[in-house]
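**Q** Just dropping this structure here.
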Amino acid sequence: MTALLDVRDLKTHFFTRDGIAKAVDGVTFSVERGEILGLVGESGSGKSVTGFSLLGLVDPPGKVVSGEIVFDGADLVAGGEEAIRGLRGKRIAMIFQDPMMTLNPVLKIETQMVETVLAHADVSRTEALTRCREALLRVGISAPDERLASYPHQFSGGMRQRVAIAIALLHEPDLIIADEPTTALDVTIQAQILAEVQKLCAETGTALIWITHDLAVVSGLADRLAVMYAGRIVEEGPTSEIIANPLHPYTRGLIESVPHGKPHRSLLQQIKGMAPSLLNLPEGCSFRPRCPRADDACRRAQTLGTPLPGRHVRCVHPYIEG
């Protein structure tokens, strides 16, 4: 089966006064129709920049310097802004972490949602309003007519995020890129949103890239995980296998630092040190200064290997039993 999205050796760099920050440094992954990919890692690992790069939303001094972003057979990097503009909002939607990046504070919700529908669909305003009401109900917003007549500042942060998610669902896109969209929501609404996007992917074939640092959320949502560190994917594979048997020391550190399942009052594990500056990455493996298994072999450039079927890891000392 041909992947809906195929990202190959993507590099997005920021050209600053202090040097070149390699925020995305040779990222490769693919997403099938109806598949949910979790993109996880610490803050600053390059997750969000990867998502912005896919839609051409990286502003100067950032720039996609090389690589391919092949969506449904078309290379969006080669096609430039013109190729991406026709896809945004209709075939590819993005849900931002901050809903105010989506919502205009001086326009009513009705105006913003209806314009989104009419921009990509030849329907009447009445039909557009019907779609808007249905989308709001899908994300748990009751009394949709009242909410459509409101302004963003009249909503709580969580309510604004639900509106932003509803806007992304309006056209039932082929691909949704979700950048930590449930961070501001309480656990009940979060569970509702997760169930809704899983249902959408299963019923319509929509693919989803869920960007998050929360392994607890993504472990029950994603089909596959791609773990990022310092601008690179360091481990990729089926979610259940990675959670049960993480191969990369960084992935294992992330999982062991989650409090779920730990004895009461027990000390949590932690990854020592800090993530490196993207302006001054360590020689060889970027995780080497923090890794308990590091040795001189880790000073060499690391590539993604396949130590187990279906598992990819960028490490010379993965945790492989036996």
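Identifiers for the structure tokens are assigned positionally: chains receive A, B, ... in sequence, residues are indexed from 1 per chain, and ligands are indexed from 1 in the order shown.
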Write down as a JSON list (two decimals) with N, CA and C atoms, in the first residue's frame the residues of segment 4-150 of chain A whose backbone DSSP state falls under helix (DSSP H, G or I).

**A**
[["chain", "number", "residue", "atom", "x", "y", "z"],
["A", 47, "LYS", "N", 9.47, 18.25, 17.46],
["A", 47, "LYS", "CA", 8.17, 17.69, 17.09],
["A", 47, "LYS", "C", 7.29, 18.73, 16.38],
["A", 48, "SER", "N", 7.11, 19.87, 17.03],
["A", 48, "SER", "CA", 6.22, 20.89, 16.46],
["A", 48, "SER", "C", 6.78, 21.45, 15.16],
["A", 49, "VAL", "N", 8.08, 21.67, 15.10],
["A", 49, "VAL", "CA", 8.69, 22.20, 13.87],
["A", 49, "VAL", "C", 8.50, 21.22, 12.72],
["A", 50, "THR", "N", 8.55, 19.92, 13.04],
["A", 50, "THR", "CA", 8.27, 18.92, 12.01],
["A", 50, "THR", "C", 6.85, 19.09, 11.48],
["A", 51, "GLY", "N", 5.88, 19.25, 12.40],
["A", 51, "GLY", "CA", 4.49, 19.45, 11.98],
["A", 51, "GLY", "C", 4.32, 20.71, 11.16],
["A", 52, "PHE", "N", 4.92, 21.83, 11.60],
["A", 52, "PHE", "CA", 4.83, 23.08, 10.85],
["A", 52, "PHE", "C", 5.47, 22.95, 9.47],
["A", 53, "SER", "N", 6.57, 22.20, 9.39],
["A", 53, "SER", "CA", 7.27, 22.02, 8.12],
["A", 53, "SER", "C", 6.39, 21.33, 7.09],
["A", 54, "LEU", "N", 5.57, 20.38, 7.55],
["A", 54, "LEU", "CA", 4.73, 19.62, 6.62],
["A", 54, "LEU", "C", 3.72, 20.52, 5.92],
["A", 76, "LEU", "N", 5.45, 18.18, -1.83],
["A", 76, "LEU", "CA", 5.06, 19.52, -1.42],
["A", 76, "LEU", "C", 6.26, 20.46, -1.33],
["A", 77, "VAL", "N", 7.45, 19.93, -1.07],
["A", 77, "VAL", "CA", 8.64, 20.79, -1.02],
["A", 77, "VAL", "C", 8.96, 21.30, -2.42],
["A", 78, "ALA", "N", 8.93, 20.42, -3.39],
["A", 78, "ALA", "CA", 9.21, 20.82, -4.77],
["A", 78, "ALA", "C", 8.12, 21.73, -5.32],
["A", 79, "GLY", "N", 6.85, 21.49, -4.89],
["A", 79, "GLY", "CA", 5.74, 22.29, -5.38],
["A", 79, "GLY", "C", 5.66, 23.68, -4.79],
["A", 80, "GLY", "N", 6.33, 23.89, -3.63],
["A", 80, "GLY", "CA", 6.36, 25.20, -3.01],
["A", 80, "GLY", "C", 5.04, 25.61, -2.37],
["A", 81, "GLU", "N", 4.92, 26.90, -2.08],
["A", 81, "GLU", "CA", 3.76, 27.44, -1.36],
["A", 81, "GLU", "C", 2.46, 27.20, -2.14],
["A", 82, "GLU", "N", 2.52, 27.28, -3.44],
["A", 82, "GLU", "CA", 1.32, 27.11, -4.25],
["A", 82, "GLU", "C", 0.71, 25.72, -4.06],
["A", 83, "ALA", "N", 1.56, 24.70, -3.98],
["A", 83, "ALA", "CA", 1.07, 23.33, -3.82],
["A", 83, "ALA", "C", 0.45, 23.12, -2.45],
["A", 84, "ILE", "N", 1.04, 23.72, -1.42],
["A", 84, "ILE", "CA", 0.55, 23.52, -0.06],
["A", 84, "ILE", "C", -0.72, 24.32, 0.22],
["A", 85, "ARG", "N", -0.83, 25.52, -0.38],
["A", 85, "ARG", "CA", -1.96, 26.39, -0.08],
["A", 85, "ARG", "C", -3.30, 25.73, -0.41],
["A", 99, "PRO", "N", -5.02, 27.61, 20.93],
["A", 99, "PRO", "CA", -6.17, 27.84, 20.05],
["A", 99, "PRO", "C", -6.24, 29.25, 19.49],
["A", 100, "MET", "N", -5.60, 30.22, 20.14],
["A", 100, "MET", "CA", -5.64, 31.58, 19.63],
["A", 100, "MET", "C", -4.77, 31.75, 18.39],
["A", 101, "MET", "N", -4.01, 30.70, 18.02],
["A", 101, "MET", "CA", -3.32, 30.71, 16.73],
["A", 101, "MET", "C", -4.32, 30.36, 15.62],
["A", 109, "ILE", "N", -17.50, 33.15, 16.42],
["A", 109, "ILE", "CA", -17.17, 31.78, 16.05],
["A", 109, "ILE", "C", -17.90, 31.39, 14.76],
["A", 110, "GLU", "N", -19.15, 31.82, 14.62],
["A", 110, "GLU", "CA", -19.92, 31.50, 13.42],
["A", 110, "GLU", "C", -19.22, 32.00, 12.16],
["A", 111, "THR", "N", -18.75, 33.23, 12.20],
["A", 111, "THR", "CA", -18.07, 33.81, 11.04],
["A", 111, "THR", "C", -16.83, 33.00, 10.67],
["A", 112, "GLN", "N", -16.05, 32.65, 11.68],
["A", 112, "GLN", "CA", -14.81, 31.94, 11.41],
["A", 112, "GLN", "C", -15.05, 30.53, 10.88],
["A", 113, "MET", "N", -16.02, 29.84, 11.46],
["A", 113, "MET", "CA", -16.28, 28.47, 11.03],
["A", 113, "MET", "C", -16.95, 28.42, 9.67],
["A", 114, "VAL", "N", -17.92, 29.31, 9.43],
["A", 114, "VAL", "CA", -18.61, 29.32, 8.14],
["A", 114, "VAL", "C", -17.63, 29.67, 7.02],
["A", 115, "GLU", "N", -16.76, 30.65, 7.25],
["A", 115, "GLU", "CA", -15.78, 31.01, 6.24],
["A", 115, "GLU", "C", -14.84, 29.84, 5.92],
["A", 116, "THR", "N", -14.52, 29.06, 6.94],
["A", 116, "THR", "CA", -13.67, 27.89, 6.73],
["A", 116, "THR", "C", -14.36, 26.88, 5.81],
["A", 117, "VAL", "N", -15.65, 26.68, 6.02],
["A", 117, "VAL", "CA", -16.41, 25.75, 5.16],
["A", 117, "VAL", "C", -16.49, 26.29, 3.74],
["A", 118, "LEU", "N", -16.88, 27.55, 3.59],
["A", 118, "LEU", "CA", -17.10, 28.12, 2.26],
["A", 118, "LEU", "C", -15.80, 28.27, 1.47],
["A", 119, "ALA", "N", -14.67, 28.35, 2.16],
["A", 119, "ALA", "CA", -13.39, 28.50, 1.46],
["A", 119, "ALA", "C", -13.04, 27.26, 0.65],
["A", 120, "HIS", "N", -13.57, 26.11, 1.06],
["A", 120, "HIS", "CA", -13.18, 24.86, 0.40],
["A", 120, "HIS", "C", -14.35, 24.03, -0.11],
["A", 125, "ARG", "N", -24.84, 28.85, 2.63],
["A", 125, "ARG", "CA", -24.51, 29.27, 3.99],
["A", 125, "ARG", "C", -25.29, 28.43, 5.00],
["A", 126, "THR", "N", -26.51, 28.05, 4.64],
["A", 126, "THR", "CA", -27.33, 27.21, 5.53],
["A", 126, "THR", "C", -26.67, 25.86, 5.75],
["A", 127, "GLU", "N", -26.17, 25.25, 4.67],
["A", 127, "GLU", "CA", -25.48, 23.97, 4.79],
["A", 127, "GLU", "C", -24.19, 24.13, 5.58],
["A", 128, "ALA", "N", -23.50, 25.25, 5.36],
["A", 128, "ALA", "CA", -22.27, 25.50, 6.10],
["A", 128, "ALA", "C", -22.53, 25.60, 7.60],
["A", 129, "LEU", "N", -23.62, 26.28, 7.97],
["A", 129, "LEU", "CA", -23.99, 26.40, 9.38],
["A", 129, "LEU", "C", -24.34, 25.04, 9.98],
["A", 130, "THR", "N", -25.00, 24.20, 9.20],
["A", 130, "THR", "CA", -25.33, 22.86, 9.67],
["A", 130, "THR", "C", -24.06, 22.07, 9.97],
["A", 131, "ARG", "N", -23.08, 22.16, 9.09],
["A", 131, "ARG", "CA", -21.80, 21.48, 9.31],
["A", 131, "ARG", "C", -21.12, 22.01, 10.58],
["A", 132, "CYS", "N", -21.20, 23.32, 10.79],
["A", 132, "CYS", "CA", -20.56, 23.91, 11.97],
["A", 132, "CYS", "C", -21.21, 23.41, 13.25],
["A", 133, "ARG", "N", -22.53, 23.35, 13.27],
["A", 133, "ARG", "CA", -23.23, 22.85, 14.46],
["A", 133, "ARG", "C", -22.84, 21.40, 14.75],
["A", 134, "GLU", "N", -22.81, 20.58, 13.71],
["A", 134, "GLU", "CA", -22.46, 19.17, 13.87],
["A", 134, "GLU", "C", -21.03, 19.02, 14.39],
["A", 135, "ALA", "N", -20.13, 19.84, 13.88],
["A", 135, "ALA", "CA", -18.73, 19.74, 14.32],
["A", 135, "ALA", "C", -18.59, 20.12, 15.79],
["A", 136, "LEU", "N", -19.32, 21.15, 16.23],
["A", 136, "LEU", "CA", -19.25, 21.55, 17.63],
["A", 136, "LEU", "C", -19.81, 20.46, 18.54],
["A", 137, "LEU", "N", -20.90, 19.83, 18.12],
["A", 137, "LEU", "CA", -21.47, 18.76, 18.92],
["A", 137, "LEU", "C", -20.50, 17.57, 19.02],
["A", 138, "ARG", "N", -19.74, 17.31, 17.97],
["A", 138, "ARG", "CA", -18.81, 16.18, 17.96],
["A", 138, "ARG", "C", -17.70, 16.35, 18.99],
["A", 144, "PRO", "N", -24.97, 24.61, 20.37],
["A", 144, "PRO", "CA", -24.06, 25.14, 19.34],
["A", 144, "PRO", "C", -24.47, 26.49, 18.77],
["A", 145, "ASP", "N", -25.79, 26.77, 18.67],
["A", 145, "ASP", "CA", -26.22, 28.06, 18.13],
["A", 145, "ASP", "C", -25.77, 29.21, 19.03],
["A", 146, "GLU", "N", -25.85, 28.99, 20.33],
["A", 146, "GLU", "CA", -25.39, 30.01, 21.28],
["A", 146, "GLU", "C", -23.88, 30.21, 21.17],
["A", 147, "ARG", "N", -23.16, 29.12, 21.02],
["A", 147, "ARG", "CA", -21.70, 29.22, 20.93],
["A", 147, "ARG", "C", -21.26, 29.86, 19.63],
["A", 148, "LEU", "N", -21.98, 29.58, 18.55],
["A", 148, "LEU", "CA", -21.62, 30.18, 17.26],
["A", 148, "LEU", "C", -21.77, 31.70, 17.29]]

**Q** Give me, as a compact mmCIF listing (two decimals) with N, CA and C atoms, in the first residue's frame, all polymer residues having an atom no more than 10 Å from Ser240 of chain A, counting only C-alpha atoms and skipping those fewer than 3 positions away in the same chain.

**A**
# COMPACT_ATOMS: atom_id res chain seq x y z
N SER A 219 -0.12 6.45 24.14
CA SER A 219 -0.02 4.99 24.19
C SER A 219 -1.35 4.31 23.93
N GLY A 220 -2.45 4.99 24.28
CA GLY A 220 -3.77 4.42 24.04
C GLY A 220 -4.42 4.91 22.77
N ALA A 222 -2.25 5.93 19.53
CA ALA A 222 -1.49 5.77 18.30
C ALA A 222 -1.27 4.31 17.91
N ASP A 223 -1.23 4.07 16.60
CA ASP A 223 -0.87 2.76 16.08
C ASP A 223 0.65 2.58 16.11
N ARG A 224 1.37 3.65 15.78
CA ARG A 224 2.82 3.61 15.79
C ARG A 224 3.35 4.85 16.51
N LEU A 225 4.56 4.72 17.04
CA LEU A 225 5.24 5.84 17.68
C LEU A 225 6.54 6.16 16.96
N GLY A 237 8.29 2.45 15.72
CA GLY A 237 7.73 1.11 15.65
C GLY A 237 6.32 1.08 16.18
N ILE A 243 6.13 0.53 23.92
CA ILE A 243 5.78 0.71 25.33
C ILE A 243 6.23 -0.50 26.15
N ALA A 244 6.06 -1.69 25.60
CA ALA A 244 6.42 -2.91 26.33
C ALA A 244 7.92 -3.16 26.34
N ASN A 245 8.60 -2.77 25.27
CA ASN A 245 10.03 -3.07 25.16
C ASN A 245 10.74 -1.95 24.41
N PRO A 246 10.98 -0.81 25.06
CA PRO A 246 11.70 0.28 24.40
C PRO A 246 13.15 -0.11 24.15

**Q** Let me make sure I understand: among A:Ile271, A:Ala23, A:Leu281, A:Val218, which one has the smallest atom-to-atom distance to Gln190 of chain A if we use only C-alpha atoms?

**A**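 For Gln190 of chain A, the nearest of the candidates is A:Val218.
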
**Q** Just the number, please: distance in Å from atom CA of Val58 of chain A to atom CA of Tyr151 of chain A, one decimal.

**A**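 Interatomic distance here is 28.0 Å.
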
**Q** Compile the contact shell of Pro289 of chain A as a compact mmCIF listing (two decimals) with C-alpha atoms, in the first residue's frame: residues with an atom at most 10 Å away, counting only C-alpha atoms, same-chain residues fewer than 3 positions apart removed.

**A**
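Writing done, so here's part_20.txt:
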# COMPACT_ATOMS: atom_id res chain seq x y z
CA LYS A 272 19.92 13.00 33.84
CA GLY A 273 21.07 16.29 32.38
CA MET A 274 19.40 18.57 29.86
CA ALA A 275 18.60 18.36 26.19
CA PRO A 276 21.52 19.78 24.15
CA PRO A 282 27.34 16.63 20.72
CA GLU A 283 29.59 14.61 18.44
CA CYS A 285 24.79 10.45 19.14
CA SER A 286 23.05 13.55 20.49
CA PRO A 292 23.85 5.37 30.81
CA ARG A 293 25.07 3.03 28.05
CA ALA A 294 27.31 5.48 26.18
CA ASP A 295 30.88 4.62 25.19
CA CYS A 298 28.60 6.51 20.40

**Q** With only C-alpha atoms as the counted atoms, please give the residues lying no more than 10 Å from Tyr229 of chain A, apart from itself and same-chain residues fewer than 4 positions off, as number ranges by chain.

**A** A: 23-24, 40-47, 233-235, 250-251, 275-276, 286-287

**Q** DSSP on the backbone: which residues in segment 115-197 of chain A end up as strand (DSSP E)? Give the answer as a PyMOL selection string.

**A** chain A and resi 175-179

**Q** At a cut-off of 10 Å, using only C-alpha atoms, what residues contact Ala297 of chain A? Leave out same-chain residues fewer than 4 positions from it and give the result as a list in words.

**A**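 Residues near the query, excluding close chain neighbours: Gly284, Cys285, Arg288, Ala301, Gln302, Cys315, Val316 and His317 of chain A.
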
**Q** I need the chosen residues saved as a PDB file, in the first residue's frame, with C-alpha atoms.

**A**
ATOM      1  CA  GLY A 284      27.916  11.412  17.206  1.00  0.00           C
ATOM      2  CA  CYS A 285      24.795  10.448  19.138  1.00  0.00           C
ATOM      3  CA  ARG A 288      25.367  10.412  24.425  1.00  0.00           C
ATOM      4  CA  ALA A 301      27.356   9.289  13.537  1.00  0.00           C
ATOM      5  CA  GLN A 302      24.319   7.103  14.185  1.00  0.00           C
ATOM      6  CA  CYS A 315      21.579   3.441  18.688  1.00  0.00           C
ATOM      7  CA  VAL A 316      24.624   1.157  18.759  1.00  0.00           C
ATOM      8  CA  HIS A 317      23.653  -0.210  22.203  1.00  0.00           C
TER       9      HIS A 317
END

**Q** Kindly indicate which residue among A:Gln97, A:Pro61, A:Thr239, A:Ala3 lies nearest to Arg17 of chain A, using only C-alpha atoms for the distances.

**A**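 Of the candidates, the smallest distance to Arg17 of chain A is held by A:Pro61.
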
**Q** Considering only C-alpha atoms, state which residue in the set A:Pro105, A:Gly26, A:Gly38, A:Pro173 is at the smallest distance from Thr212 of chain A.

**A** A:Gly38

**Q** What does the distance between atom CA of Leu169 of chain A and atom CA of Ala195 of chain A come to in Å, to one decimal place?

**A** 13.6 Å

**Q** Identify which of the residues A:Ile167, A:Leu39, A:Val139, A:Ala226 lies closest to Gln192 of chain A, counting only C-alpha atoms when measuring atom-to-atom distances.

**A**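 Closest residue, counting only C-alpha atoms: A:Val139.
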
**Q** Go through A:Val313, A:Val31, A:Cys291, A:Val64 one by one, measure the shortest atom-to-atom distance of each to Ala207 of chain A using only C-alpha atoms, and give the residue with the smallest value.

**A** A:Val31

**Q** Quick one: of A:Ile95, A:Ala143, A:Val7, A:Val163, who's nearest to Glu68 of chain A, counting only C-alpha atoms?

**A**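 Checking each of A:Ile95, A:Ala143, A:Val7, A:Val163 against Glu68 of chain A, counting only C-alpha atoms, the winner is A:Val7.
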